[in-house]
Amino acid sequence: MKKILVLIVIFMSFCSSALPQSIESLYKKGEEAMNKKEYDTALSYFNIILRKKSDEADAHNSAGVIYMVYKDYDKAIEHFTKAIENKKDFSRAYSNRGAVYILKSDVENAFLDLNKALTLNPKDLMTLNSLGTLYGYISKLPESFETFAKAEEYDPKYVDTYWNRGALYMNLERYEEALADANKAINANPSIAKSYYFRGTVYKYLGNYDKAMEDYKKAEELDPNDGEVFIRRGILNLVMGEYQKAVDDIEYGLKLKPDLWHDKTVLDYYKQAKENLTNKK
């Protein structure tokens, strides 16, 4: 079983500038809803802003981020483009649009946008992570590792760099190097669940199931509402032949994170667990 459940995470952000008071208040409410992952509510605030002021670049950028979460990539690009049209030096909008182009496998436009973003803000860590991921996607490994190294140099506490570079190592089956990055992420900030379930997955591929389980348990303690913790632990249970536990974990994880019902890799593992459980009976 060599499927790798490593999701290369590209983080987006939104930012507000000096906005008129009523719009600033709406934007603040939208940001608060975004932080709570109440995306429908957040989008409603940004749409109100855009009805009041259709050229408000920050609102377009934030709406684009939400459509990215919704995986409506064309709509996201539309909003990021409007943000750029109304604020030519909007580095975050270029970076976000470049990230969408990566998700659409549009390498040429992704490079154009990410390089433009870095021209405007050379030390932007999100953009460097997206560019490192893009180089990895097209198998330009020296350029990818050089870009991640630059991000690490600029801020060794920025855990996204270790997740993204570690994910690349995982996909290359360079598990010891992936483990080193997982440890760096945990050392940089030991309170983030994702770092532990990432390391747990590395341990799984190294065959150290006990340590993998310890990390999944720690991740659950830190964030019991993160469905991916349970899905990954369910996959480990499947590998270990604990089929009932695998089914229970994956089902609970999908309940917490229902968007993963559309993830073929997750569903394949779930079907395997169900089939093995039935055959065992």
# chains A, B, ... in the order shown; residues from 1 in each chain; ligands from 1
call {"tool": "residues_around", "arguments": {"residues": "Asn208 in chain A", "least_positions_apart": "3", "cutoff": "12 Å", "atoms": "only C-alpha atoms", "output": "short mmCIF file (atom, residue, chain, number, x, y, z; two decimals) with C-alpha atoms, in the first residue's frame"}}
result
data_model
loop_
_atom_site.label_atom_id
_atom_site.label_comp_id
_atom_site.auth_asym_id
_atom_site.auth_seq_id
_atom_site.Cartn_x
_atom_site.Cartn_y
_atom_site.Cartn_z
CA TYR A 175 11.30 9.60 4.61
CA LEU A 179 11.04 13.20 9.45
CA ARG A 199 5.12 13.27 11.62
CA GLY A 200 2.81 10.37 12.44
CA THR A 201 2.35 9.76 8.73
CA VAL A 202 6.12 9.82 8.21
CA TYR A 203 6.54 7.27 11.00
CA LYS A 204 3.89 5.10 9.32
CA TYR A 205 5.93 4.96 6.12
CA LYS A 211 5.41 6.25 17.31
CA ALA A 212 2.88 7.04 14.61
CA MET A 213 0.03 6.24 17.01
CA GLU A 214 1.63 8.41 19.70
CA ASP A 215 1.73 11.35 17.31
CA LEU A 236 -2.71 3.45 9.98
CA VAL A 239 -2.30 -0.97 7.56
CA MET A 240 -2.13 -2.68 10.96
#
call {"tool": "select_by_dssp", "arguments": {"residues": "range 43-230 of chain A", "states": "helix (DSSP H, G or I)", "output": "PyMOL selection string"}}
result
chain A and resi 43-52+57-69+73-86+91-103+107-120+125-137+141-154+159-171+175-188+193-206+209-222+227-230
call {"tool": "residues_around", "arguments": {"residues": "Ala117 in chain A", "least_positions_apart": "2", "cutoff": "12 Å", "atoms": "only C-alpha atoms", "output": "number ranges by chain"}}
result
A: 84, 88-99, 110-115, 119-128, 130-131
call {"tool": "write_last_selection", "arguments": {"atoms": "C-alpha atoms", "output": "short mmCIF file (atom, residue, chain, number, x, y, z; two decimals), in the first residue's frame"}}
result
data_model
loop_
_atom_site.label_atom_id
_atom_site.label_comp_id
_atom_site.auth_asym_id
_atom_site.auth_seq_id
_atom_site.Cartn_x
_atom_site.Cartn_y
_atom_site.Cartn_z
CA ILE A 84 -4.92 43.31 -8.90
CA LYS A 88 -1.45 47.12 -9.09
CA ASP A 89 1.11 46.42 -6.38
CA PHE A 90 -1.06 43.95 -4.43
CA SER A 91 1.56 41.26 -3.80
CA ARG A 92 -0.78 39.04 -1.76
CA ALA A 93 -3.34 38.90 -4.58
CA TYR A 94 -0.61 37.91 -7.06
CA SER A 95 0.60 35.24 -4.63
CA ASN A 96 -2.91 33.89 -4.05
CA ARG A 97 -3.70 33.82 -7.75
CA GLY A 98 -0.42 32.02 -8.38
CA ALA A 99 -1.43 29.42 -5.78
CA ALA A 110 1.65 30.31 -11.68
CA PHE A 111 5.28 31.24 -12.31
CA LEU A 112 4.32 34.66 -13.67
CA ASP A 113 2.20 35.51 -10.63
CA LEU A 114 4.53 34.12 -7.97
CA ASN A 115 7.56 35.84 -9.43
CA THR A 119 9.31 41.21 -7.03
CA LEU A 120 6.92 43.23 -4.88
CA ASN A 121 7.75 41.43 -1.63
CA PRO A 122 10.95 39.34 -1.93
CA LYS A 123 10.79 37.82 1.56
CA ASP A 124 7.14 36.80 1.57
CA LEU A 125 7.08 33.33 3.10
CA MET A 126 3.75 32.24 1.65
CA THR A 127 4.89 33.07 -1.85
CA LEU A 128 8.23 31.32 -1.37
CA SER A 130 4.10 28.27 -3.17
CA LEU A 131 7.07 28.69 -5.50
#
call {"tool": "atom_distance", "arguments": {"atom1": "CA of Tyr270 in chain A", "atom2": "CA of Gly227 in chain A"}}
result
13.9 Å
call {"tool": "atom_distance", "arguments": {"atom1": "CA of Ile235 in chain A", "atom2": "CA of Ile250 in chain A"}}
result
7.5 Å
call {"tool": "atom_distance", "arguments": {"atom1": "CA of Glu275 in chain A", "atom2": "CA of Val229 in chain A"}}
result
22.1 Å
call {"tool": "residues_around", "arguments": {"residues": "Leu238 in chain A", "least_positions_apart": "4", "cutoff": "10 Å", "atoms": "only C-alpha atoms", "output": "VMD selection string"}}
result
chain A and resid 232 to 234 242 to 247 249 to 250 269 to 270 272 to 274 276 to 277
call {"tool": "write_last_selection", "arguments": {"atoms": "N, CA and C atoms", "output": "PDB file, in the first residue's frame"}}
result
ATOM      1  N   ARG A 232      -6.171   9.957   9.060  1.00  0.00           N
ATOM      2  CA  ARG A 232      -4.813   9.411   8.974  1.00  0.00           C
ATOM      3  C   ARG A 232      -4.618   8.258   9.967  1.00  0.00           C
ATOM      4  N   ARG A 233      -5.184   8.393  11.158  1.00  0.00           N
ATOM      5  CA  ARG A 233      -5.076   7.296  12.112  1.00  0.00           C
ATOM      6  C   ARG A 233      -5.853   6.082  11.608  1.00  0.00           C
ATOM      7  N   GLY A 234      -6.978   6.339  10.961  1.00  0.00           N
ATOM      8  CA  GLY A 234      -7.743   5.235  10.380  1.00  0.00           C
ATOM      9  C   GLY A 234      -6.947   4.492   9.326  1.00  0.00           C
ATOM     10  N   GLU A 242      -6.328  -3.485  11.784  1.00  0.00           N
ATOM     11  CA  GLU A 242      -7.397  -3.157  12.739  1.00  0.00           C
ATOM     12  C   GLU A 242      -8.556  -2.520  11.959  1.00  0.00           C
ATOM     13  N   TYR A 243      -9.321  -3.359  11.275  1.00  0.00           N
ATOM     14  CA  TYR A 243     -10.273  -2.858  10.281  1.00  0.00           C
ATOM     15  C   TYR A 243     -11.454  -2.109  10.901  1.00  0.00           C
ATOM     16  N   GLN A 244     -11.964  -2.582  12.029  1.00  0.00           N
ATOM     17  CA  GLN A 244     -13.082  -1.882  12.670  1.00  0.00           C
ATOM     18  C   GLN A 244     -12.639  -0.499  13.131  1.00  0.00           C
ATOM     19  N   LYS A 245     -11.463  -0.431  13.740  1.00  0.00           N
ATOM     20  CA  LYS A 245     -10.938   0.861  14.169  1.00  0.00           C
ATOM     21  C   LYS A 245     -10.694   1.772  12.968  1.00  0.00           C
ATOM     22  N   ALA A 246     -10.234   1.189  11.872  1.00  0.00           N
ATOM     23  CA  ALA A 246      -9.991   1.975  10.661  1.00  0.00           C
ATOM     24  C   ALA A 246     -11.291   2.587  10.146  1.00  0.00           C
ATOM     25  N   VAL A 247     -12.332   1.770  10.061  1.00  0.00           N
ATOM     26  CA  VAL A 247     -13.633   2.262   9.585  1.00  0.00           C
ATOM     27  C   VAL A 247     -14.159   3.347  10.519  1.00  0.00           C
ATOM     28  N   ASP A 249     -12.540   5.320  12.602  1.00  0.00           N
ATOM     29  CA  ASP A 249     -11.751   6.553  12.541  1.00  0.00           C
ATOM     30  C   ASP A 249     -12.022   7.334  11.259  1.00  0.00           C
ATOM     31  N   ILE A 250     -12.024   6.638  10.139  1.00  0.00           N
ATOM     32  CA  ILE A 250     -12.221   7.343   8.863  1.00  0.00           C
ATOM     33  C   ILE A 250     -13.622   7.936   8.799  1.00  0.00           C
ATOM     34  N   TYR A 269      -9.171   4.292   0.631  1.00  0.00           N
ATOM     35  CA  TYR A 269      -8.783   3.687   1.913  1.00  0.00           C
ATOM     36  C   TYR A 269     -10.031   3.239   2.693  1.00  0.00           C
ATOM     37  N   TYR A 270     -11.061   4.065   2.675  1.00  0.00           N
ATOM     38  CA  TYR A 270     -12.293   3.735   3.396  1.00  0.00           C
ATOM     39  C   TYR A 270     -12.923   2.464   2.836  1.00  0.00           C
ATOM     40  N   GLN A 272     -11.380   0.072   1.232  1.00  0.00           N
ATOM     41  CA  GLN A 272     -10.530  -1.067   1.599  1.00  0.00           C
ATOM     42  C   GLN A 272     -10.813  -1.524   3.023  1.00  0.00           C
ATOM     43  N   ALA A 273     -10.955  -0.569   3.924  1.00  0.00           N
ATOM     44  CA  ALA A 273     -11.224  -0.906   5.320  1.00  0.00           C
ATOM     45  C   ALA A 273     -12.563  -1.624   5.452  1.00  0.00           C
ATOM     46  N   LYS A 274     -13.587  -1.124   4.754  1.00  0.00           N
ATOM     47  CA  LYS A 274     -14.922  -1.742   4.809  1.00  0.00           C
ATOM     48  C   LYS A 274     -14.888  -3.156   4.223  1.00  0.00           C
ATOM     49  N   ASN A 276     -12.278  -5.187   3.867  1.00  0.00           N
ATOM     50  CA  ASN A 276     -11.500  -6.089   4.723  1.00  0.00           C
ATOM     51  C   ASN A 276     -12.277  -6.478   5.981  1.00  0.00           C
ATOM     52  N   LEU A 277     -13.040  -5.536   6.513  1.00  0.00           N
ATOM     53  CA  LEU A 277     -13.841  -5.815   7.692  1.00  0.00           C
ATOM     54  C   LEU A 277     -14.921  -6.844   7.370  1.00  0.00           C
TER      55      LEU A 277
END
call {"tool": "residues_around", "arguments": {"residues": "Leu256 in chain A", "least_positions_apart": "5", "cutoff": "10 Å", "atoms": "only C-alpha atoms", "output": "PDB file with C-alpha atoms, in the first residue's frame"}}
result
ATOM      1  CA  PRO A 224     -10.020  17.028  18.499  1.00  0.00           C
ATOM      2  CA  ASN A 225     -12.060  18.703  15.751  1.00  0.00           C
ATOM      3  CA  ASP A 226      -9.539  18.194  12.956  1.00  0.00           C
ATOM      4  CA  GLY A 227     -10.980  15.392  10.858  1.00  0.00           C
ATOM      5  CA  GLU A 228      -7.700  14.683   9.131  1.00  0.00           C
ATOM      6  CA  PHE A 230      -8.788  10.606  12.510  1.00  0.00           C
ATOM      7  CA  ILE A 231      -8.573   9.848   8.798  1.00  0.00           C
ATOM      8  CA  ILE A 250     -12.221   7.343   8.863  1.00  0.00           C
ATOM      9  CA  GLU A 251     -15.995   7.719   9.252  1.00  0.00           C
TER      10      GLU A 251
END
call {"tool": "residues_around", "arguments": {"residues": "Ser62 in chain A", "least_positions_apart": "3", "cutoff": "10 Å", "atoms": "only C-alpha atoms", "output": "list in words"}}
result
Met12, Ser13, Phe14, Cys15, Ser16, Tyr27, Gly30, Glu31, Met34, Ala42, Leu43, Phe46, Ala57, Asp58, Ala59, Val65, Ile66, Tyr67, Met68, Ala76, His79, Phe80, Ala83, Ala93 and Asn96 of chain A
call {"tool": "closest_residue", "arguments": {"among": "A:Leu172, A:Leu118, A:Leu134, A:Ala188", "to": "Val100 in chain A", "atoms": "only C-alpha atoms"}}
result
A:Leu134
call {"tool": "residues_around", "arguments": {"residues": "Ala149 in chain A", "least_positions_apart": "4", "cutoff": "12 Å", "atoms": "only C-alpha atoms", "output": "list in words"}}
result
Leu125, Leu128, Asn129, Leu131, Gly132, Pro142, Glu143, Ser144, Phe145, Glu153, Tyr154, Asp155, Pro156, Tyr158, Thr161, Tyr162, Asn164, Arg165 and Asp181 of chain A
